[in-house]
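Peer 1: Quick one: structure below, then a few questions.
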Amino acid sequence: MKVNFQRAASVMVGVTLLCVAAVTPAHAEGSFNTYISNWYVSNESRHWTDSNADGAWTGVYFEGCSTNGAFNRAGLMLRKAVDWQPDPSKGSRTNYCGWVDWNDPDDAGEYYFVLESLSSGSRLWVNKVTVGF
């Protein structure tokens, strides 16, 4: 039986590339870590710029959540900052001290999230906040 080494090598390289692509995570355009201390409803996060150069979803992760009541959930709204106009909403999500996302806003610009509501208490603390976009 004759083996074509060139063809076998090409197949192996192709299989290797497919395996590497399958285990390599998709890279978001950007992210940052922060925390929340003593927020009231209507407080907003820092702003970030999403150039929409990829198809990555915009999301917020909370870890270590508490309120001056009994934390159950926080209502968050993603907004796009627009000069000299009201900032349009990109939707609201409920964060149960974990991950929430707004899919891909499909719109380059400056974004931030706002605390819309708390299930209990009037102030929010979150030990770790990760924003990915």
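Identifiers for the structure tokens are assigned positionally: chains receive A, B, ... in sequence, residues are indexed from 1 per chain, and ligands are indexed from 1 in the order shown.
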Might you pull out every residue within 9 Å of segment 106-108 of chain A, with only C-alpha atoms counted and same-chain residues fewer than 4 positions away left off, and present them as a list of chain:residue names?
Peer 2: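 Residues near the query, excluding close chain neighbours: A:Thr49, A:Asp50, A:Ser51, A:Asn52, A:Ala53, A:Gly55, A:Lys80.
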Peer 1: Once you have the residues from the selection above, write them out as a short mmCIF file (atom, residue, chain, number, x, y, z; two decimals), in the first residue's frame, restricted to N, CA, C and O atoms.
Peer 2:
```cif
data_model
loop_
_atom_site.label_atom_id
_atom_site.label_comp_id
_atom_site.auth_asym_id
_atom_site.auth_seq_id
_atom_site.Cartn_x
_atom_site.Cartn_y
_atom_site.Cartn_z
N THR A 49 -16.56 52.62 24.89
CA THR A 49 -16.78 52.76 23.46
C THR A 49 -16.72 51.39 22.80
O THR A 49 -15.75 50.66 22.95
N ASP A 50 -17.79 51.07 22.09
CA ASP A 50 -17.87 49.84 21.31
C ASP A 50 -17.85 50.26 19.85
O ASP A 50 -18.79 50.90 19.37
N SER A 51 -16.77 49.93 19.12
CA SER A 51 -16.68 50.33 17.71
C SER A 51 -17.43 49.36 16.80
O SER A 51 -17.45 49.54 15.59
N ASN A 52 -18.04 48.33 17.40
CA ASN A 52 -18.82 47.34 16.65
C ASN A 52 -17.98 46.69 15.56
O ASN A 52 -18.47 46.43 14.47
N ALA A 53 -16.71 46.43 15.88
CA ALA A 53 -15.80 45.81 14.92
C ALA A 53 -15.93 44.29 14.91
O ALA A 53 -15.25 43.62 14.15
N GLY A 55 -18.78 40.80 16.28
CA GLY A 55 -20.16 40.43 16.55
C GLY A 55 -20.36 40.07 18.01
O GLY A 55 -21.32 39.39 18.35
N LYS A 80 -27.21 53.92 25.01
CA LYS A 80 -26.19 54.47 24.12
C LYS A 80 -26.16 55.98 24.34
O LYS A 80 -27.19 56.65 24.27
#
```
Peer 1: Extract, using only C-alpha atoms, all DNA, RNA and protein residues at most 8 Å from Trp125 of chain A, discarding same-chain residues fewer than 4 positions from it, and format them as number ranges by chain.
Peer 2: A: 35-39, 64-67
Peer 1: List the spatial neighbours of segment 92-105 of chain A as number ranges by chain - criterion: any atom at most 6 Å away, only C-alpha atoms, same-chain residues fewer than 2 positions off excluded.
Peer 2: A: 56-63, 65, 73-77, 107
Peer 1: So that I can check the surroundings of Ser122 of chain A, please list as a list in words every protein, DNA and RNA residue that reaches within 7 Å of it, counting only C-alpha atoms and ignoring chain neighbours fewer than 3 positions away.
Peer 2: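 Here the qualifying residues turn out to be Tyr40, Asn68 and Leu118 of chain A.
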Peer 1: Between A:Gln85, A:Asn43, A:Asn72, A:Asn33, single out the one closest to Ser119 of chain A, counting only C-alpha atoms.
Peer 2: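 Distance minimum relative to Ser119 of chain A lands on A:Asn72.
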Peer 1: Would you kindly return, as a VMD selection string, each protein, DNA or RNA residue with an atom no farther than 8 Å from any atom of Arg79 of chain A, considering only C-alpha atoms and excluding same-chain residues fewer than 3 positions away?
Peer 2: chain A and resid 87 to 91 111 to 114
